[in-house]
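Worksheet: the structure to be examined is printed underneath.
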Amino acid sequence: MTDSPDLVIRGGNIADGKGGDLYEADVAITGGRISEVGKVSAKGKEEIDAKGKLVTPGFVDVHTHYDGQVTWSQDITPSSQNGVTTAIMGNCGVGFAPCRPSDHRRLIELMEGVEDIPEPVLSAGIPWEWESFPDYMNWLSKRNFDMDIGAQLPHAALRVYVMGERGARRDPSTADDNKAMAQLAGEAVRAGALGFSTSRTLNHRTSTGDFTPTLKAGEDELTAIAAAMHGQGRSVLQFVLDLSTIHEDLPMMLRVAENTRCPISFSITQNDRAPRRWRQTLDEINAASARGLSITAQIAARPVGLLLGLELSRNPFQTHPSYRAIATLPLAERLAKLRQPEVRAAILAEEPHATDDPLFFRPNYDKMYLLGNPPDYEQPPENALGAQARRQGRKPEELAYDAMLSDEGRGMLYVPFLNYADGNLDATREMLTDPNSVPGLSDGGAHCGIICDASFPTYLLTHWTRDRKRGEKLSIPFVVAVQSRKTALSVGLYDRGVIAPGFKADVNVIDYDRLHLHPPKVHYDLPVGGRRLMQQVDGYDATIISGVVTRRGGQATGARPGRLVRGAQGERQFGAAAG
């Protein structure tokens, strides 16, 4: 090389995203692209000493819900704090475009109900300077971020936009409706949509309790939309299914994929009600893949776990009459009441009442844990509050009550409700290693007061390659490859996820031995002081987007080189380098 590179990363242990062994090398970056990997003789305008550090491609998170946050913030936290350099939003059929002004509140209520993002935050934060999906993309394209973002066309927004009240109440679409939705879907791909998302689960409801508008959308409707989108360029159909109807809905979605040749991607988890159904589902998609369909399963890196507490959206006593009487008090006042012996005795003597909240459950204390510090997401059954209570001769409700009162009322309980039917993560490991799966479901930007899973990318490295004690681990090269190159390819981003000359210079420099997740804590940093769960993470020495250092030593540099990604990237140039 004759010209000085913009940045040289010296002497790191390279996990290049292709899954091969680690090797020591320098990485030179020029003009936002990787220009050389090996022994770089030229001195960079800036240099990073990565000796003894792990150097990886930036992680690509294909399942987030930053649709609102990208309109009010340039910092896509917490994902950008966890080595993520590209995040795909617009999943699960929910989002904010297209949307007429008269439907603003309807889409906010849907997002609040499905993704637990509070209405006041969305109402205050979203500027609504668009109506159509292309308008939304044009508006986002003028903004800068601390990472790249990609968008999908959400089915609920599209259906309501075309069908109005009929769409919201889940009426069957007509041929004219399908034609109109297909036309707008094609326009969305031309505007840069990476895909289209829909939901068919009963758990997805508005904050007023109505089911998502897409719940029973017909095969003709989905086929028309998918065909129109894929006819305009590469795009992915992402969907969420319900366990109770998967035997009907999965074959239908496979027919849609077969008839349109549209790639599809959907979530698979282990459910307590049918703990081996995930295996059957993977077998079905592997058979479909063997027939030539492009299909990807999105897998959670650990249990999808609810966090319960006084400062959070839910807790085990939320339906007890004596708790409901004080539930709206500020935390400090509520804590003072809960410490009173007579209030404690009354709450503990009452029984929980079932509700229509899809995330409410009759507390099962044999599946409820204290998360600990450092947080432990794979605890044995003897750690559960029910088992602890039996050993102590106490009621588990007492342990839960006392735990939530700890740390001045900020104590949290952890309930793994998916991917933990066996009391370990062996099934998750099998899912992650399936050839047709990628890590997904971090839900970054969503579930502000009950789930904190945006740290999945860090957990994949810490737990699965280093810290796991209750089963087999995974290799560093494998984990890096599946959450960088493999995720990128699954959404048509061929230009990133690999450390090799010509590829986009999205890179992490990681102090692997020091990589560490802290327990979740509540922060009040959303619009109007809105609440969200966050996890501090140590060990990311540098995160680099398009050759620009955006985070150094765990702190933001203030640089925001991230942009909206419009459509599939680099298939012609980099498609042959997919291995």
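In the structure tokens, the first chain shown is A, the next is B, and so on; residue numbers restart at 1 for each chain, and ligands run from 1 in the order shown.
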Neighbours of range 463-468 of chain A within 9 Å (only C-alpha atoms; same-chain residues fewer than 3 positions away dropped), as a list in words? Ala301, Glu378, Arg429, Thr458, Tyr459, Leu460, Gly471, Glu472, Lys473, Leu474, Ser475, Ile476, Val479 and Asp513 of chain A
Can I get the selected residues back with N, CA and C atoms, as a short mmCIF file (atom, residue, chain, number, x, y, z; two decimals), in the first residue's frame?
```
data_model
loop_
_atom_site.label_atom_id
_atom_site.label_comp_id
_atom_site.auth_asym_id
_atom_site.auth_seq_id
_atom_site.Cartn_x
_atom_site.Cartn_y
_atom_site.Cartn_z
N ALA A 301 -30.79 -16.36 22.11
CA ALA A 301 -29.50 -16.84 22.61
C ALA A 301 -29.57 -17.39 24.03
N GLU A 378 -28.79 -19.40 33.29
CA GLU A 378 -28.91 -20.86 33.18
C GLU A 378 -28.71 -21.47 34.56
N ARG A 429 -28.88 -24.60 22.48
CA ARG A 429 -27.63 -24.88 21.78
C ARG A 429 -27.91 -25.65 20.48
N THR A 458 -23.70 -9.96 23.19
CA THR A 458 -22.63 -10.11 24.18
C THR A 458 -22.76 -11.45 24.90
N TYR A 459 -23.98 -11.84 25.23
CA TYR A 459 -24.21 -13.11 25.92
C TYR A 459 -23.73 -14.28 25.08
N LEU A 460 -23.93 -14.21 23.77
CA LEU A 460 -23.46 -15.29 22.90
C LEU A 460 -21.96 -15.51 23.08
N GLY A 471 -23.19 -27.51 30.47
CA GLY A 471 -23.33 -28.17 29.18
C GLY A 471 -22.24 -27.74 28.22
N GLU A 472 -22.35 -28.23 27.00
CA GLU A 472 -21.33 -27.94 25.99
C GLU A 472 -21.33 -26.46 25.60
N LYS A 473 -20.15 -25.97 25.26
CA LYS A 473 -20.01 -24.59 24.80
C LYS A 473 -20.02 -24.56 23.27
N LEU A 474 -19.81 -23.37 22.74
CA LEU A 474 -19.65 -23.16 21.30
C LEU A 474 -18.32 -22.44 21.08
N SER A 475 -17.79 -22.52 19.89
CA SER A 475 -16.49 -21.89 19.62
C SER A 475 -16.66 -20.41 19.31
N ILE A 476 -15.61 -19.65 19.57
CA ILE A 476 -15.63 -18.22 19.24
C ILE A 476 -15.86 -18.02 17.75
N VAL A 479 -19.61 -18.57 16.92
CA VAL A 479 -20.52 -17.56 17.45
C VAL A 479 -20.37 -16.25 16.69
N ASP A 513 -11.38 -11.40 27.74
CA ASP A 513 -11.31 -11.86 29.13
C ASP A 513 -12.11 -10.95 30.06
#
```
Any idea what's packed within 10 Å of range 210-222 of chain A, counting only C-alpha atoms, ignoring anything in its chain fewer than 5 positions away? Could you give it as a VMD selection string? chain A and resid 92 to 94 109 to 111 113 to 114 154 to 160 165 to 175 177 to 179 181 to 182 196 to 205 227 to 228 237 240 to 242 249 252 to 253 255 to 257 260
What's around range 36-45 of chain A at 9 Å? Count only C-alpha atoms, leave out sequence neighbours fewer than 2 positions away in its own chain, and write the answer as an MDAnalysis selection string. chainID A and resid 1:11 24:30 34 47 499:502
Determine which residues of range 331-403 of chain A DSSP labels as helix (DSSP H, G or I) from the backbone of this structure, then write them out as a compact mmCIF listing (two decimals) with N, CA and C atoms, in the first residue's frame.
```txt
# COMPACT_ATOMS: atom_id res chain seq x y z
N LEU A 331 -42.80 5.01 43.68
CA LEU A 331 -42.07 3.86 44.20
C LEU A 331 -41.73 4.03 45.68
N ALA A 332 -41.24 5.18 46.08
CA ALA A 332 -40.84 5.38 47.48
C ALA A 332 -42.02 5.22 48.43
N GLU A 333 -43.18 5.77 48.04
CA GLU A 333 -44.36 5.65 48.89
C GLU A 333 -44.88 4.21 48.91
N ARG A 334 -44.84 3.58 47.76
CA ARG A 334 -45.28 2.18 47.70
C ARG A 334 -44.39 1.30 48.56
N LEU A 335 -43.08 1.55 48.48
CA LEU A 335 -42.13 0.77 49.26
C LEU A 335 -42.40 0.92 50.75
N ALA A 336 -42.69 2.15 51.19
CA ALA A 336 -43.00 2.38 52.61
C ALA A 336 -44.24 1.59 53.03
N LYS A 337 -45.25 1.56 52.17
CA LYS A 337 -46.46 0.79 52.48
C LYS A 337 -46.14 -0.70 52.54
N LEU A 338 -45.38 -1.20 51.56
CA LEU A 338 -45.09 -2.62 51.47
C LEU A 338 -44.25 -3.11 52.65
N PRO A 341 -45.98 -4.28 58.24
CA PRO A 341 -46.33 -5.69 58.48
C PRO A 341 -47.75 -6.06 58.09
N GLU A 342 -48.70 -5.15 58.34
CA GLU A 342 -50.08 -5.49 58.03
C GLU A 342 -50.34 -5.53 56.52
N VAL A 343 -49.65 -4.66 55.75
CA VAL A 343 -49.79 -4.68 54.29
C VAL A 343 -49.14 -5.94 53.74
N ARG A 344 -47.96 -6.27 54.26
CA ARG A 344 -47.27 -7.47 53.82
C ARG A 344 -48.13 -8.71 54.06
N ALA A 345 -48.70 -8.81 55.26
CA ALA A 345 -49.51 -9.99 55.60
C ALA A 345 -50.74 -10.08 54.70
N ALA A 346 -51.35 -8.94 54.41
CA ALA A 346 -52.57 -8.96 53.58
C ALA A 346 -52.25 -9.41 52.16
N ILE A 347 -51.18 -8.86 51.59
CA ILE A 347 -50.83 -9.23 50.21
C ILE A 347 -50.46 -10.71 50.12
N LEU A 348 -49.68 -11.20 51.08
CA LEU A 348 -49.24 -12.58 51.04
C LEU A 348 -50.38 -13.56 51.29
N ALA A 349 -51.45 -13.10 51.92
CA ALA A 349 -52.59 -13.98 52.20
C ALA A 349 -53.53 -14.10 51.01
N TYR A 365 -43.42 -20.59 41.17
CA TYR A 365 -42.19 -20.28 41.88
C TYR A 365 -41.10 -21.33 41.66
N ASP A 366 -41.46 -22.43 41.03
CA ASP A 366 -40.43 -23.39 40.64
C ASP A 366 -39.76 -23.01 39.33
N LYS A 367 -40.23 -21.92 38.70
CA LYS A 367 -39.59 -21.37 37.50
C LYS A 367 -39.27 -19.89 37.70
N PRO A 381 -32.60 -26.10 38.74
CA PRO A 381 -33.91 -26.02 39.41
C PRO A 381 -33.81 -25.78 40.91
N GLU A 382 -32.73 -26.25 41.54
CA GLU A 382 -32.64 -26.05 43.00
C GLU A 382 -32.44 -24.58 43.40
N ASN A 383 -32.14 -23.73 42.41
CA ASN A 383 -32.01 -22.30 42.70
C ASN A 383 -33.33 -21.57 42.67
N LEU A 385 -37.03 -20.13 43.44
CA LEU A 385 -37.58 -19.69 44.73
C LEU A 385 -38.40 -20.77 45.39
N GLY A 386 -39.11 -21.57 44.59
CA GLY A 386 -39.90 -22.65 45.19
C GLY A 386 -39.03 -23.64 45.92
N ALA A 387 -37.91 -24.05 45.30
CA ALA A 387 -37.00 -25.00 45.93
C ALA A 387 -36.34 -24.38 47.15
N GLN A 388 -35.95 -23.12 47.05
CA GLN A 388 -35.34 -22.45 48.21
C GLN A 388 -36.33 -22.38 49.38
N ALA A 389 -37.58 -22.06 49.06
CA ALA A 389 -38.58 -21.94 50.12
C ALA A 389 -38.80 -23.28 50.83
N ARG A 390 -38.83 -24.36 50.07
CA ARG A 390 -39.03 -25.66 50.70
C ARG A 390 -37.86 -26.00 51.62
N ARG A 391 -36.65 -25.66 51.21
CA ARG A 391 -35.50 -25.92 52.08
C ARG A 391 -35.56 -25.09 53.35
N GLN A 392 -36.11 -23.90 53.26
CA GLN A 392 -36.15 -23.00 54.42
C GLN A 392 -37.42 -23.15 55.24
N PRO A 396 -42.85 -19.55 49.15
CA PRO A 396 -42.06 -18.87 48.12
C PRO A 396 -42.51 -17.42 47.90
N GLU A 397 -43.80 -17.16 48.15
CA GLU A 397 -44.28 -15.78 48.02
C GLU A 397 -43.52 -14.84 48.94
N GLU A 398 -43.14 -15.33 50.12
CA GLU A 398 -42.39 -14.48 51.05
C GLU A 398 -41.02 -14.13 50.48
N LEU A 399 -40.37 -15.12 49.85
CA LEU A 399 -39.06 -14.86 49.27
C LEU A 399 -39.17 -13.86 48.13
N ALA A 400 -40.19 -14.02 47.30
CA ALA A 400 -40.38 -13.10 46.18
C ALA A 400 -40.66 -11.69 46.69
N TYR A 401 -41.49 -11.58 47.68
CA TYR A 401 -41.85 -10.28 48.25
C TYR A 401 -40.60 -9.58 48.79
N ASP A 402 -39.82 -10.30 49.57
CA ASP A 402 -38.63 -9.71 50.17
C ASP A 402 -37.59 -9.34 49.11
N ALA A 403 -37.48 -10.19 48.09
CA ALA A 403 -36.50 -9.91 47.04
C ALA A 403 -36.83 -8.62 46.31
```
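Straight-line separation from CA of Pro416 in chain A to CA of Val70 in chain A: 29.2 Å.
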Write out as a ChimeraX atom specification the residues lying within 10 Å of Leu184 in chain A, counting only C-alpha atoms and excluding same-chain residues fewer than 6 positions away. /A:98,132-134,153,158,161-162,178,190,225,228-229
Can you list, as an mmCIF file with N, CA and C atoms, in the first residue's frame, every protein, DNA or RNA residue that comes within 12 Å of Arg291 in chain A when you count only C-alpha atoms, leaving out same-chain residues fewer than 5 positions away?
```cif
data_model
loop_
_atom_site.group_PDB
_atom_site.id
_atom_site.type_symbol
_atom_site.label_atom_id
_atom_site.label_comp_id
_atom_site.auth_asym_id
_atom_site.auth_seq_id
_atom_site.Cartn_x
_atom_site.Cartn_y
_atom_site.Cartn_z
ATOM 1 N N LEU A 254 -45.103 -21.642 4.333
ATOM 2 C CA LEU A 254 -44.215 -22.347 3.403
ATOM 3 C C LEU A 254 -44.787 -22.330 1.983
ATOM 4 N N ARG A 255 -46.113 -22.411 1.868
ATOM 5 C CA ARG A 255 -46.731 -22.308 0.538
ATOM 6 C C ARG A 255 -46.520 -20.908 -0.041
ATOM 7 N N ALA A 257 -44.035 -18.935 0.576
ATOM 8 C CA ALA A 257 -42.633 -18.875 0.150
ATOM 9 C C ALA A 257 -42.421 -19.629 -1.157
ATOM 10 N N GLU A 258 -43.051 -20.788 -1.270
ATOM 11 C CA GLU A 258 -42.859 -21.607 -2.471
ATOM 12 C C GLU A 258 -43.474 -20.933 -3.697
ATOM 13 N N ARG A 261 -41.305 -17.482 -4.170
ATOM 14 C CA ARG A 261 -39.831 -17.607 -4.086
ATOM 15 C C ARG A 261 -39.243 -16.541 -3.177
ATOM 16 N N GLU A 284 -39.185 -29.455 9.840
ATOM 17 C CA GLU A 284 -40.028 -29.014 8.729
ATOM 18 C C GLU A 284 -39.319 -27.972 7.872
ATOM 19 N N ILE A 285 -38.622 -27.040 8.505
ATOM 20 C CA ILE A 285 -37.969 -26.011 7.693
ATOM 21 C C ILE A 285 -36.710 -26.569 7.016
ATOM 22 N N ASN A 286 -36.062 -27.543 7.635
ATOM 23 C CA ASN A 286 -34.925 -28.172 6.970
ATOM 24 C C ASN A 286 -35.388 -28.943 5.728
#
```
One decimal place gives the CA of Val121 in chain A-CA of Tyr540 in chain A separation as 29.5 Å
To one decimal in Å, tell me the separation between CA of Pro519 in chain A and CA of Leu441 in chain A.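 CA of Leu441 in chain A lies 19.4 Å from CA of Pro519 in chain A.
When only C-alpha atoms are used to measure the gap to Leu526 in chain A, the shortest distance among A:Val415, A:Ala384, A:Cys448, A:Leu425 belongs to A:Cys448.
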Near range 122-131 of chain A, counting only C-alpha atoms, which residues have an atom at most 7 Å away, once you skip same-chain residues fewer than 5 positions from it, shown as a PDB file with N, CA and C atoms, in the first residue's frame?
```pdb
ATOM      1  N   GLY A  68     -39.483   3.531  16.645  1.00  0.00           N
ATOM      2  CA  GLY A  68     -39.727   4.828  17.259  1.00  0.00           C
ATOM      3  C   GLY A  68     -38.436   5.516  17.660  1.00  0.00           C
ATOM      4  N   THR A  71     -36.430   7.798  15.446  1.00  0.00           N
ATOM      5  CA  THR A  71     -36.988   9.099  15.087  1.00  0.00           C
ATOM      6  C   THR A  71     -36.685  10.173  16.121  1.00  0.00           C
ATOM      7  N   TRP A  72     -36.319   9.777  17.343  1.00  0.00           N
ATOM      8  CA  TRP A  72     -36.007  10.794  18.346  1.00  0.00           C
ATOM      9  C   TRP A  72     -34.566  10.738  18.852  1.00  0.00           C
ATOM     10  N   ALA A  97     -45.164   3.175   9.646  1.00  0.00           N
ATOM     11  CA  ALA A  97     -45.376   3.628   8.269  1.00  0.00           C
ATOM     12  C   ALA A  97     -45.748   2.418   7.420  1.00  0.00           C
ATOM     13  N   PRO A  98     -46.729   2.624   6.500  1.00  0.00           N
ATOM     14  CA  PRO A  98     -47.450   3.866   6.229  1.00  0.00           C
ATOM     15  C   PRO A  98     -48.503   4.142   7.307  1.00  0.00           C
ATOM     16  N   CYS A  99     -48.859   5.415   7.453  1.00  0.00           N
ATOM     17  CA  CYS A  99     -49.836   5.752   8.487  1.00  0.00           C
ATOM     18  C   CYS A  99     -50.462   7.117   8.203  1.00  0.00           C
ATOM     19  N   ARG A 100     -51.793   7.158   8.156  1.00  0.00           N
ATOM     20  CA  ARG A 100     -52.507   8.433   8.057  1.00  0.00           C
ATOM     21  C   ARG A 100     -52.556   9.094   9.433  1.00  0.00           C
ATOM     22  N   ILE A 108     -49.684   3.496  17.701  1.00  0.00           N
ATOM     23  CA  ILE A 108     -48.990   3.630  18.985  1.00  0.00           C
ATOM     24  C   ILE A 108     -49.538   2.620  19.983  1.00  0.00           C
ATOM     25  N   TYR A 136     -41.298   7.862   4.976  1.00  0.00           N
ATOM     26  CA  TYR A 136     -40.607   7.479   6.216  1.00  0.00           C
ATOM     27  C   TYR A 136     -39.139   7.190   5.938  1.00  0.00           C
ATOM     28  N   PRO A 527     -38.015   9.725  26.019  1.00  0.00           N
ATOM     29  CA  PRO A 527     -38.814  10.966  26.029  1.00  0.00           C
ATOM     30  C   PRO A 527     -39.791  11.000  27.198  1.00  0.00           C
ATOM     31  N   VAL A 528     -40.029  12.189  27.704  1.00  0.00           N
ATOM     32  CA  VAL A 528     -40.855  12.466  28.892  1.00  0.00           C
ATOM     33  C   VAL A 528     -40.433  11.632  30.093  1.00  0.00           C
TER      34      VAL A 528
END
```
Quick one: pick out all strand (DSSP E) residues within range 175-376 of chain A from a backbone DSSP run and write them as an MDAnalysis selection string. chainID A and resid 195:200 236:241 264:268 295:299 304:308
Would you put the residues from that selection into a file with C-alpha atoms, as a PDB file, in the first residue's frame?
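What landed in result15.pdb:
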```pdb
ATOM      1  CA  GLY A 195     -38.442  -7.108   3.951  1.00  0.00           C
ATOM      2  CA  PHE A 196     -42.011  -7.357   5.157  1.00  0.00           C
ATOM      3  CA  SER A 197     -43.111  -8.543   8.597  1.00  0.00           C
ATOM      4  CA  THR A 198     -46.324  -9.987   9.968  1.00  0.00           C
ATOM      5  CA  SER A 199     -47.651 -11.605  13.155  1.00  0.00           C
ATOM      6  CA  ARG A 200     -50.064 -14.465  13.733  1.00  0.00           C
ATOM      7  CA  VAL A 236     -37.493 -11.225   3.301  1.00  0.00           C
ATOM      8  CA  LEU A 237     -40.877 -12.169   4.749  1.00  0.00           C
ATOM      9  CA  GLN A 238     -40.478 -12.198   8.537  1.00  0.00           C
ATOM     10  CA  PHE A 239     -43.257 -13.585  10.714  1.00  0.00           C
ATOM     11  CA  VAL A 240     -44.231 -14.724  14.203  1.00  0.00           C
ATOM     12  CA  LEU A 241     -46.476 -17.738  14.703  1.00  0.00           C
ATOM     13  CA  ILE A 264     -38.797 -16.255   4.849  1.00  0.00           C
ATOM     14  CA  SER A 265     -37.604 -15.910   8.430  1.00  0.00           C
ATOM     15  CA  PHE A 266     -39.446 -16.686  11.641  1.00  0.00           C
ATOM     16  CA  SER A 267     -38.912 -17.192  15.342  1.00  0.00           C
ATOM     17  CA  ILE A 268     -38.553 -20.612  16.965  1.00  0.00           C
ATOM     18  CA  ILE A 295     -35.815 -20.121   5.041  1.00  0.00           C
ATOM     19  CA  THR A 296     -34.198 -19.012   8.283  1.00  0.00           C
ATOM     20  CA  ALA A 297     -35.140 -19.700  11.894  1.00  0.00           C
ATOM     21  CA  GLN A 298     -34.439 -16.921  14.389  1.00  0.00           C
ATOM     22  CA  ILE A 299     -33.219 -18.298  17.725  1.00  0.00           C
ATOM     23  CA  VAL A 304     -36.691 -15.303  26.890  1.00  0.00           C
ATOM     24  CA  GLY A 305     -37.165 -14.193  30.455  1.00  0.00           C
ATOM     25  CA  LEU A 306     -39.563 -11.837  32.176  1.00  0.00           C
ATOM     26  CA  LEU A 307     -38.159  -9.480  34.784  1.00  0.00           C
ATOM     27  CA  LEU A 308     -40.609  -8.744  37.576  1.00  0.00           C
TER      28      LEU A 308
END
```
Out of A:Ile326, A:Met147, A:Ile510, A:Ala185, which residue has the shortest atom-to-atom distance to Ser546 in chain A when counting only C-alpha atoms?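 Ranking A:Ile326, A:Met147, A:Ile510, A:Ala185 by distance to Ser546 in chain A, first place goes to A:Met147.
Closest approach to Ala446 in chain A among A:Ser244, A:Gln183, A:Gln74, A:Gln69 is made by A:Gln69 (distances from only C-alpha atoms).
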List as a VMD selection string the protein and nucleic acid residues near Asp422 in chain A, meaning an atom at most 12 Å away when only C-alpha atoms are counted, but skip any in the same chain fewer than 6 places from it. chain A and resid 270 to 276 303 367 378 to 381 416 428
Which residue of A:Asn144, A:Met534, A:Gly440, A:Gly186 approaches Gly558 in chain A most closely, using only C-alpha atoms: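 So, comparing all the options, the nearest one is A:Asn144.
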Identify which of the residues A:Ala87, A:Asn373, A:Gly233, A:Asp283 lies closest to Asp75 in chain A, counting only C-alpha atoms when measuring atom-to-atom distances.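 Selected residue with least distance to Asp75 in chain A: A:Ala87.
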